[in-house]
>>> print(open('coords_23.cif').read())   # mmCIF, C-alpha atoms
data_entry
loop_
_atom_site.label_atom_id
_atom_site.label_comp_id
_atom_site.auth_asym_id
_atom_site.auth_seq_id
_atom_site.Cartn_x
_atom_site.Cartn_y
_atom_site.Cartn_z
CA MET A 1 0.00 0.00 0.00
CA SER A 2 3.08 2.22 -0.14
CA GLY A 3 2.28 3.43 -3.71
CA GLY A 4 -0.83 5.44 -2.63
CA ALA A 5 -1.20 9.13 -1.93
CA GLY A 6 2.28 9.45 -0.53
CA ALA A 7 3.85 8.67 -3.91
CA SER A 8 2.57 11.92 -5.45
CA ASP A 9 4.38 13.95 -2.77
CA ARG A 10 7.83 12.91 -4.00
CA PRO A 11 9.84 15.75 -5.66
CA GLU A 12 10.47 13.77 -8.83
CA GLU A 13 6.75 13.18 -9.29
CA ARG A 14 6.00 16.87 -8.79
CA GLN A 15 8.55 17.63 -11.53
CA ARG A 16 6.99 15.20 -14.00
CA PHE A 17 3.36 16.16 -13.31
CA PRO A 18 2.64 19.85 -12.59
CA PRO A 19 -0.40 20.83 -10.53
CA PRO A 20 -3.84 20.67 -12.17
CA GLY A 21 -4.59 23.69 -14.34
CA LYS A 22 -1.01 24.20 -15.53
CA SER A 23 -0.20 23.18 -19.10
CA LEU A 24 2.30 20.39 -19.63
CA PRO A 25 4.84 21.42 -22.31
CA ILE A 26 5.12 19.12 -25.31
CA SER A 27 8.89 19.05 -24.91
CA ALA A 28 8.50 17.74 -21.38
CA LEU A 29 6.17 15.01 -22.60
CA ARG A 30 8.67 13.93 -25.22
CA GLN A 31 11.50 13.87 -22.69
CA ASN A 32 9.75 11.73 -20.11
CA GLY A 33 8.25 9.39 -22.70
CA LEU A 34 4.61 10.05 -21.90
CA LEU A 35 3.73 11.29 -25.38
CA GLN A 36 5.18 8.15 -26.92
CA ALA A 37 3.12 6.09 -24.50
CA LEU A 38 -0.01 7.94 -25.56
CA VAL A 39 0.64 7.39 -29.26
CA ARG A 40 1.35 3.72 -28.66
CA GLY A 41 -1.73 3.36 -26.48
CA ALA A 42 0.37 2.31 -23.52
CA GLY A 43 -0.69 2.35 -19.86
CA GLN A 44 -2.93 5.18 -18.70
CA PRO A 45 -1.67 7.61 -16.02
CA ALA A 46 -3.19 7.41 -12.59
CA GLY A 47 -5.44 10.37 -11.84
CA ALA A 48 -8.07 12.27 -13.81
CA GLU A 49 -6.09 15.51 -13.75
CA ILE A 50 -3.06 13.90 -15.34
CA SER A 51 -5.18 12.29 -18.06
CA LYS A 52 -6.74 15.64 -18.85
CA GLU A 53 -3.34 17.31 -19.22
CA LEU A 54 -2.01 14.50 -21.39
CA ARG A 55 -5.02 14.64 -23.67
CA ARG A 56 -4.57 18.39 -24.05
CA ALA A 57 -0.89 17.97 -24.87
CA GLN A 58 -1.68 15.20 -27.37
CA GLU A 59 -4.13 17.48 -29.17
CA GLU A 60 -1.48 20.21 -29.33
CA TRP A 61 1.06 17.77 -30.74
CA GLU A 62 -1.35 16.41 -33.36
CA ALA A 63 -2.10 19.98 -34.46
CA VAL A 64 1.63 20.64 -34.90
CA GLU A 65 2.05 17.40 -36.90
CA GLU A 66 -0.79 18.26 -39.27
CA ILE A 67 0.34 21.85 -39.82
CA GLN A 68 3.68 20.45 -40.98
CA SER A 69 1.99 17.89 -43.19
CA GLY A 70 0.87 20.46 -45.76
CA LEU A 71 -2.83 20.21 -44.97
CA GLY A 72 -3.13 23.86 -44.07
CA GLY A 73 -3.29 23.27 -40.35
CA THR A 74 -6.38 21.08 -40.50
CA SER A 75 -6.33 18.33 -37.94
CA ALA A 76 -6.17 14.71 -38.98
CA SER A 77 -9.64 14.00 -37.65
CA ALA A 78 -11.09 16.84 -39.79
CA ALA A 79 -9.27 15.71 -42.95
CA PRO A 80 -10.08 12.02 -43.42
CA PRO A 81 -8.34 9.87 -46.02
CA ILE A 82 -9.59 10.57 -49.50
CA SER A 83 -11.21 7.76 -51.44
CA PHE A 84 -10.23 6.94 -54.99
CA ASN A 85 -13.67 7.88 -56.31
CA GLU A 86 -13.59 11.27 -54.61
CA ALA A 87 -10.15 11.98 -56.05
CA LEU A 88 -11.28 10.82 -59.50
CA GLN A 89 -14.30 13.13 -59.38
CA TYR A 90 -11.93 16.00 -58.70
CA PHE A 91 -9.89 15.24 -61.82
CA GLN A 92 -13.02 14.77 -63.91
CA THR A 93 -14.06 18.34 -63.15
CA ALA A 94 -10.61 19.99 -62.90
CA ASP A 95 -9.05 22.05 -65.67
CA LEU A 96 -6.06 19.82 -66.34
CA SER A 97 -4.57 22.34 -68.73
CA GLU A 98 -3.60 24.34 -65.66
CA CYS A 99 -1.71 21.48 -64.04
CA ARG A 100 1.88 22.37 -63.33
CA VAL A 101 4.82 20.01 -62.92
CA ARG A 102 6.71 21.74 -60.15
CA ALA A 103 10.29 20.70 -60.84
CA GLY A 104 12.77 22.06 -63.39
CA PRO A 105 12.44 24.42 -66.36
CA ARG A 106 12.06 21.56 -68.86
CA ALA A 107 9.14 20.11 -66.91
CA LEU A 108 7.55 23.55 -66.56
CA ALA A 109 7.75 24.06 -70.29
CA LEU A 110 6.09 20.71 -70.86
CA SER A 111 3.35 21.50 -68.37
CA ARG A 112 2.25 24.53 -70.42
CA VAL A 113 1.05 22.17 -73.11
CA VAL A 114 -0.24 19.36 -70.91
CA LEU A 115 -3.22 18.31 -72.95
CA LYS A 116 -1.61 19.13 -76.30
CA LYS A 117 1.22 16.71 -75.55
CA VAL A 118 -1.10 13.82 -74.73
CA ARG A 119 -0.62 11.32 -77.51
CA VAL A 120 -3.67 9.10 -77.43
CA THR A 121 -2.22 6.40 -79.66
CA ALA A 122 1.21 5.19 -80.59
CA ARG A 123 1.07 6.02 -84.31
CA ARG A 124 1.97 3.43 -86.92
CA GLN A 125 2.73 3.99 -90.56
CA GLY A 126 3.18 1.93 -93.71
CA LEU A 127 3.42 -1.83 -93.29
CA ALA A 128 3.11 -1.57 -89.52
CA ALA A 129 -0.24 0.20 -89.92
CA LEU A 130 -1.50 -2.53 -92.31
CA VAL A 131 -0.42 -5.30 -89.93
CA ARG A 132 -2.09 -3.46 -87.08
CA PHE A 133 -5.32 -3.17 -89.06
CA LEU A 134 -5.36 -6.87 -90.03
CA PHE A 135 -4.04 -8.58 -86.93
CA GLY A 136 -3.83 -6.01 -84.16
CA PRO A 137 -6.17 -5.42 -81.22
CA PRO A 138 -9.51 -3.68 -81.82
CA TRP A 139 -9.85 0.07 -81.60
CA LEU A 140 -11.27 1.55 -78.43
CA HIS A 141 -14.98 2.35 -78.64
CA PRO A 142 -15.60 6.06 -79.35
CA GLN A 143 -17.59 6.52 -76.13
CA LEU A 144 -14.50 5.50 -74.12
CA GLN A 145 -12.11 7.94 -75.76
CA GLY A 146 -12.87 10.67 -73.24
CA GLU A 147 -12.00 8.44 -70.30
CA ARG A 148 -8.75 7.39 -71.94
CA GLU A 149 -7.82 11.00 -72.60
CA LEU A 150 -8.56 11.79 -68.94
CA ALA A 151 -6.18 9.03 -67.80
CA LEU A 152 -3.43 10.26 -70.11
CA ALA A 153 -4.00 13.87 -69.03
CA MET A 154 -3.61 12.86 -65.38
CA ALA A 155 -0.32 11.26 -66.35
CA GLN A 156 0.85 14.71 -67.52
CA CYS A 157 -0.41 16.56 -64.44
CA GLY A 158 2.22 17.21 -61.77
CA LEU A 159 1.87 17.21 -58.00
CA ASP A 160 0.77 20.67 -56.86
CA ASP A 161 1.31 21.79 -53.27
CA ASN A 162 -1.51 24.30 -53.63
CA GLU A 163 -4.10 21.68 -54.57
CA ARG A 164 -5.67 20.30 -51.42
CA VAL A 165 -6.83 17.11 -53.16
CA HIS A 166 -3.26 16.39 -54.30
CA MET A 167 -2.02 16.73 -50.73
CA ARG A 168 -4.81 14.53 -49.36
CA ILE A 169 -3.92 11.83 -51.88
CA LEU A 170 -0.29 11.95 -50.78
CA GLN A 171 -1.17 11.88 -47.08
CA THR A 172 -3.62 9.01 -47.55
CA ILE A 173 -0.98 6.88 -49.24
CA TYR A 174 1.45 7.59 -46.41
CA LYS A 175 -1.07 6.76 -43.68
CA LYS A 176 -2.25 3.57 -45.32
CA LEU A 177 1.20 2.17 -46.00
CA THR A 178 2.61 3.06 -42.59
CA CYS A 179 -0.62 2.35 -40.67
CA SER A 180 -0.18 5.76 -39.06
CA ARG A 181 -3.04 7.83 -37.71
CA LEU A 182 -1.05 11.04 -38.02
CA GLY A 183 -0.02 12.82 -41.17
CA CYS A 184 3.51 13.72 -42.12
CA PRO A 185 5.43 16.74 -43.41
CA ARG A 186 5.19 17.48 -47.13
CA TYR A 187 8.97 17.13 -47.48
CA GLY A 188 11.34 14.90 -45.58
CA ALA A 189 13.28 11.66 -45.32
CA HIS A 190 10.12 9.75 -44.41
CA TRP A 191 9.23 9.65 -48.13
CA GLU A 192 12.45 7.77 -48.82
CA GLU A 193 11.30 5.15 -46.32
CA LEU A 194 8.22 4.64 -48.50
CA GLY A 195 10.41 4.14 -51.55
CA PHE A 196 10.70 7.54 -53.20
CA GLN A 197 14.12 8.72 -54.32
CA GLY A 198 14.28 11.77 -52.08
CA ALA A 199 12.49 14.13 -49.76
CA ASP A 200 10.00 15.31 -52.41
CA PRO A 201 7.73 12.66 -54.00
CA GLY A 202 6.78 15.12 -56.73
CA THR A 203 10.17 14.78 -58.39
CA ASP A 204 9.56 11.06 -58.98
CA LEU A 205 6.24 11.49 -60.79
CA ARG A 206 7.36 13.02 -64.06
CA GLY A 207 6.38 10.48 -66.67
CA THR A 208 3.35 9.20 -64.76
CA GLY A 209 2.19 12.40 -63.06
CA MET A 210 -0.80 12.26 -60.76
CA LEU A 211 -1.90 9.01 -62.38
CA GLY A 212 1.07 7.43 -60.60
CA LEU A 213 -0.27 8.62 -57.24
CA MET A 214 -3.86 7.81 -58.18
CA GLN A 215 -2.95 4.19 -58.84
CA MET A 216 -1.15 3.98 -55.50
CA LEU A 217 -4.25 5.49 -53.90
CA TYR A 218 -6.45 2.88 -55.54
CA PHE A 219 -4.08 0.15 -54.38
CA VAL A 220 -4.26 1.16 -50.71
CA MET A 221 -7.89 2.28 -50.55
CA ASP A 222 -9.55 -0.70 -52.22
CA SER A 223 -10.42 -3.24 -49.54
CA GLN A 224 -9.57 -6.15 -51.85
CA THR A 225 -6.11 -4.91 -52.81
CA LEU A 226 -5.03 -3.24 -49.55
CA PRO A 227 -3.76 -6.53 -48.02
CA LEU A 228 -1.69 -7.12 -51.15
CA ALA A 229 -0.31 -3.58 -51.04
CA GLN A 230 0.70 -4.04 -47.41
CA GLU A 231 2.36 -7.38 -48.15
CA ILE A 232 4.34 -5.88 -51.01
CA PHE A 233 5.34 -2.91 -48.87
CA LYS A 234 6.47 -5.30 -46.14
CA LEU A 235 8.60 -7.21 -48.65
CA SER A 236 10.10 -3.92 -49.84
CA GLN A 237 11.47 -3.43 -46.31
CA HIS A 238 13.11 -6.87 -46.23
CA GLU A 239 16.72 -7.01 -45.08
CA THR A 240 18.06 -8.49 -48.32
CA GLN A 241 15.13 -8.34 -50.78
CA ASN A 242 14.29 -4.68 -50.19
CA PHE A 243 13.35 -2.38 -53.06
CA PRO A 244 11.89 1.15 -53.35
CA PHE A 245 8.15 0.49 -53.19
CA CYS A 246 6.93 3.79 -54.63
CA ILE A 247 9.52 3.91 -57.40
CA MET A 248 8.54 0.39 -58.39
CA SER A 249 4.90 1.48 -58.36
CA VAL A 250 5.69 4.42 -60.66
CA ASN A 251 7.44 2.06 -63.07
CA ILE A 252 4.40 -0.22 -63.19
CA THR A 253 2.14 2.76 -63.87
CA ARG A 254 4.48 3.74 -66.72
CA ILE A 255 4.12 0.24 -68.20
CA VAL A 256 0.33 0.42 -67.94
CA ILE A 257 0.28 3.84 -69.62
CA GLN A 258 2.32 2.52 -72.51
CA ALA A 259 0.03 -0.50 -72.89
CA LEU A 260 -2.95 1.88 -73.05
CA ARG A 261 -1.31 4.09 -75.67
CA GLU A 262 -0.49 1.07 -77.84
CA GLU A 263 -4.12 -0.08 -77.76
CA ARG A 264 -3.15 -3.29 -75.95
CA LEU A 265 -6.03 -2.87 -73.50
CA SER A 266 -8.78 -1.88 -75.93
CA ARG A 267 -10.42 -5.31 -76.02
CA GLU A 268 -10.74 -5.48 -72.22
CA CYS A 269 -11.83 -1.85 -71.98
CA ASN A 270 -14.50 -2.41 -74.63
CA ARG A 271 -15.72 -5.54 -72.87
CA ARG A 272 -16.05 -3.80 -69.51
CA GLN A 273 -16.98 -0.39 -70.95
CA GLN A 274 -14.39 1.14 -68.65
CA VAL A 275 -10.86 2.48 -69.02
CA ILE A 276 -9.56 3.74 -65.69
CA ALA A 277 -10.89 0.70 -63.81
CA VAL A 278 -9.09 -1.57 -66.27
CA LEU A 279 -5.88 0.43 -65.81
CA ASN A 280 -6.13 0.11 -62.04
CA ASP A 281 -6.77 -3.62 -62.14
CA LEU A 282 -3.91 -4.18 -64.56
CA TYR A 283 -1.62 -2.11 -62.32
CA ALA A 284 -2.53 -4.26 -59.30
CA ALA A 285 -2.19 -7.46 -61.34
CA ALA A 286 1.26 -6.47 -62.58
CA PHE A 287 2.35 -5.59 -59.04
CA LEU A 288 1.06 -8.97 -57.85
CA GLN A 289 3.08 -10.74 -60.55
CA LEU A 290 6.21 -8.80 -59.62
CA TYR A 291 5.65 -9.57 -55.93
CA ARG A 292 5.36 -13.29 -56.55
CA VAL A 293 8.50 -13.48 -58.68
CA TRP A 294 10.46 -11.24 -56.31
CA LYS A 295 9.45 -13.18 -53.21
CA TRP A 296 9.63 -16.78 -54.36
CA GLN A 297 12.69 -16.45 -56.58
CA HIS A 298 14.52 -14.42 -53.93
CA LYS A 299 15.15 -11.47 -56.21
CA THR A 300 17.02 -8.34 -55.15
CA ILE A 301 17.30 -4.80 -56.46
CA VAL A 302 20.03 -5.95 -58.86
CA ASP A 303 17.37 -7.96 -60.75
CA SER A 304 14.90 -5.09 -61.03
CA GLY A 305 15.74 -3.98 -64.58
CA PHE A 306 15.30 -7.44 -66.06
CA LEU A 307 12.13 -8.13 -64.07
CA LEU A 308 10.52 -4.88 -65.18
CA LYS A 309 11.34 -5.67 -68.79
CA GLU A 310 9.69 -9.09 -68.43
CA LEU A 311 6.73 -7.50 -66.70
CA GLU A 312 6.29 -5.00 -69.51
CA LEU A 313 6.16 -7.83 -72.06
CA SER A 314 3.58 -9.71 -69.99
CA THR A 315 1.47 -6.61 -69.51
CA LYS A 316 1.36 -5.82 -73.21
CA LYS A 317 1.03 -9.36 -74.57
CA LYS A 318 -0.99 -11.13 -71.86
CA PRO A 319 -3.05 -8.53 -69.99
CA LYS A 320 -6.02 -10.88 -69.74
CA GLN A 321 -3.90 -13.53 -68.05
CA LEU A 322 -2.60 -11.04 -65.51
CA LEU A 323 -6.11 -9.82 -64.77
CA LYS A 324 -7.32 -13.38 -64.19
CA SER A 325 -4.46 -13.92 -61.77
CA LEU A 326 -5.54 -10.84 -59.80
CA GLU A 327 -9.15 -12.02 -59.82
CA ALA A 328 -8.06 -15.37 -58.38
CA TYR A 329 -6.09 -13.57 -55.69
CA VAL A 330 -8.90 -11.29 -54.54
CA ASN A 331 -11.35 -14.20 -54.61
CA ARG A 332 -8.93 -16.09 -52.38
CA SER A 333 -8.73 -19.18 -54.55
CA PRO A 334 -6.42 -21.96 -53.28
CA ALA A 335 -3.84 -21.01 -55.89
CA ALA A 336 -3.87 -17.43 -54.72
CA ASP A 337 -3.74 -18.25 -51.03
CA ARG A 338 -0.67 -20.43 -51.55
CA LEU A 339 0.91 -17.68 -53.68
CA GLN A 340 2.31 -20.40 -55.88
CA GLN A 341 5.85 -19.96 -57.03
CA PRO A 342 5.92 -18.65 -60.60
CA SER A 343 7.89 -20.47 -63.19
CA SER A 344 11.51 -19.52 -63.64
CA PRO A 345 12.27 -16.99 -66.36
CA SER A 346 13.10 -18.44 -69.73
CA ALA A 347 16.70 -19.07 -70.54
CA SER A 348 16.51 -16.44 -73.23
CA GLY A 349 15.75 -13.82 -70.56
CA GLY A 350 18.98 -14.36 -68.68
CA GLY A 351 18.73 -12.30 -65.46
CA SER A 352 21.37 -9.98 -64.15
CA GLN A 353 24.77 -11.54 -64.00
CA PRO A 354 26.98 -11.17 -60.94
CA GLY A 355 29.04 -8.04 -61.17
CA GLU A 356 27.03 -6.71 -64.11
CA GLU A 357 26.49 -2.98 -63.84
CA ILE A 358 22.85 -1.93 -63.73
CA HIS A 359 22.09 1.54 -65.04
CA PHE A 360 19.15 3.28 -63.39
CA THR A 361 17.49 6.19 -65.10
CA GLY A 362 16.15 9.10 -63.10
CA VAL A 363 12.57 10.19 -63.64
CA CYS A 364 13.81 13.58 -64.82
CA ASP A 365 15.46 11.85 -67.78
CA LEU A 366 12.28 10.11 -68.99
CA GLN A 367 10.91 11.18 -72.34
CA VAL A 368 7.31 12.35 -72.45
CA GLU A 369 6.38 9.59 -74.88
CA LEU A 370 7.35 7.01 -72.27
CA GLU A 371 8.69 4.67 -74.89
CA GLY A 372 11.54 2.20 -74.65
CA GLU A 373 12.59 -0.49 -72.24
CA ALA A 374 11.29 -0.90 -68.74
CA ARG A 375 13.67 0.62 -66.24
CA LEU A 376 13.64 1.21 -62.53
CA ILE A 377 13.37 4.96 -62.33
#
>>> encode(input="coords_23.cif", output="structure tokens")
Amino acid sequence: MSGGAGASDRPEERQRFPPPGKSLPISALRQNGLLQALVRGAGQPAGAEISKELRRAQEEWEAVEEIQSGLGGTSASAAPPISFNEALQYFQTADLSECRVRAGPRALALSRVVLKKVRVTARRQGLAALVRFLFGPPWLHPQLQGERELALAMAQCGLDDNERVHMRILQTIYKKLTCSRLGCPRYGAHWEELGFQGADPGTDLRGTGMLGLMQMLYFVMDSQTLPLAQEIFKLSQHETQNFPFCIMSVNITRIVIQALREERLSRECNRRQQVIAVLNDLYAAAFLQLYRVWKWQHKTIVDSGFLLKELELSTKKKPKQLLKSLEAYVNRSPAADRLQQPSSPSASGGGSQPGEEIHFTGVCDLQVELEGEARLI
């Protein structure tokens, strides 16, 4: 019974817990570990007065966190995660010609002609055009052209700090991947932990633009794909098999964009009478394929260039097969639950050889047409 009222009379306790009515500084909370205990949901302090002070300090701290996060000082509880549909509605009504890529003079020049630079189709001429007409995939139905142009316009629209929806998309991705209730600063090393190249995610989006973030948002906000996204993110943090999650995601979006431009997805889009939904499903299916190969074949970042090249071929030539694989996964078929080991790459593929130098291309160096081999940006 020695821990009763007498314990609160000790000098060290009086230092840690000031009298009721006096604010407890945030710095003091951080020093004595009480704020960390609150965030972790650890043991509750004894006494109603102490709990009241701790709650007040927690609210102050959360307000500071959200002001730094780029949400204009709005608290996390007042700015809930944004759904994919809400974000899509924003882009459907936004004037995408005013989108600005906020990095570098070359990107700014490109942003002035955002919609003019959208090439809806990879043009073919001569014999290639005849072969395409006779044996190629069907043309996209006219009523779907607007949706395809919207997707390609989003791919040319850069991350804008002044657009609240853009910031909510970014914060939602962070919270979902890290399972954090609090937001994060707009710039900082925490983005590198998610798999961006640096402190500013916007510099990694040139080439996929906001479509790159929108597909990440879909991945983490859809209840059927969120478990997969979290598993892939967990693998990306592995001690030996780690890879930059968000950069890999941007590369997969780039592959999907190219497949759309080359009319490789027209048959599926016509069948479903949708474009953006097909793009999202193909993105998730390609990420699932990459995850399976990476995990079961014990791949590392050295193998990324070859794997992305193989993934690009599969996405363009066998999109229906990839989509069926995703459908089996979300339906939790036995094959999906076991995450069966994929077959080894063909001998002709020949993965990265030991000691072979892998050249990585920065996003700033990507051409607007997004053509060429798959590379880890």
>>> atom_distance(input="coords_23.cif", atom1="atom CA of Tyr218 of chain A", atom2="atom CA of Met167 of chain A")
15.3 Å
>>> resolve_selection(input="coords_23.cif", expression="the PyMOL selection byres ((chain A and resi 147) around 12)", output="PyMOL selection string")
chain A and resi 88+91-92+120+140-146+148-154+260+269-270+273-279
>>> closest_residue(input="coords_23.cif", among="A:Leu313, A:Met214, A:Cys179, A:Val256", to="Tyr90 of chain A", atoms="all atoms listed in the file")
A:Met214
>>> resolve_selection(input="coords_23.cif", expression="the PyMOL selection byres ((chain A and resi 315-321) around 9)", output="PyMOL selection string")
chain A and resi 255-256+258-260+262+264-265+268+282+285-286+310-314+322-326
>>> resolve_selection(input="coords_23.cif", expression="the PyMOL selection byres ((chain A and resi 169) around 9)", output="VMD selection string")
chain A and resid 81 to 84 87 164 to 168 170 to 174 213 to 214 217
>>> closest_residue(input="coords_23.cif", among="A:Leu211, A:Glu239, A:Trp296, A:Val250", to="Phe196 of chain A", atoms="all atoms listed in the file")
A:Val250
>>> atom_distance(input="coords_23.cif", atom1="atom CA of Asp204 of chain A", atom2="atom CA of Arg186 of chain A")
14.2 Å
>>> atom_distance(input="coords_23.cif", atom1="atom CA of Gln230 of chain A", atom2="atom CA of Gln197 of chain A")
19.8 Å
>>> closest_residue(input="coords_23.cif", among="A:Asp222, A:Tyr291, A:Leu228, A:Gly212", to="Ile252 of chain A", atoms="only C-alpha atoms")
A:Gly212
>>> residues_near_point(input="coords_23.cif", point="(5.9, -0.8, -47.4)", cutoff="12 Å", atoms="only C-alpha atoms", output="ChimeraX atom specification")
/A:173-179,190-196,216,220,226-238,242-249
>>> axis_aligned_box(input="coords_23.cif", around="segment 317-332 of chain A", padding_each_side="4 Å", output="JSON")
{"center_x": -5.2, "center_y": -12.3, "center_z": -63.5, "size_x": 20.4, "size_y": 15.6, "size_z": 30.2}
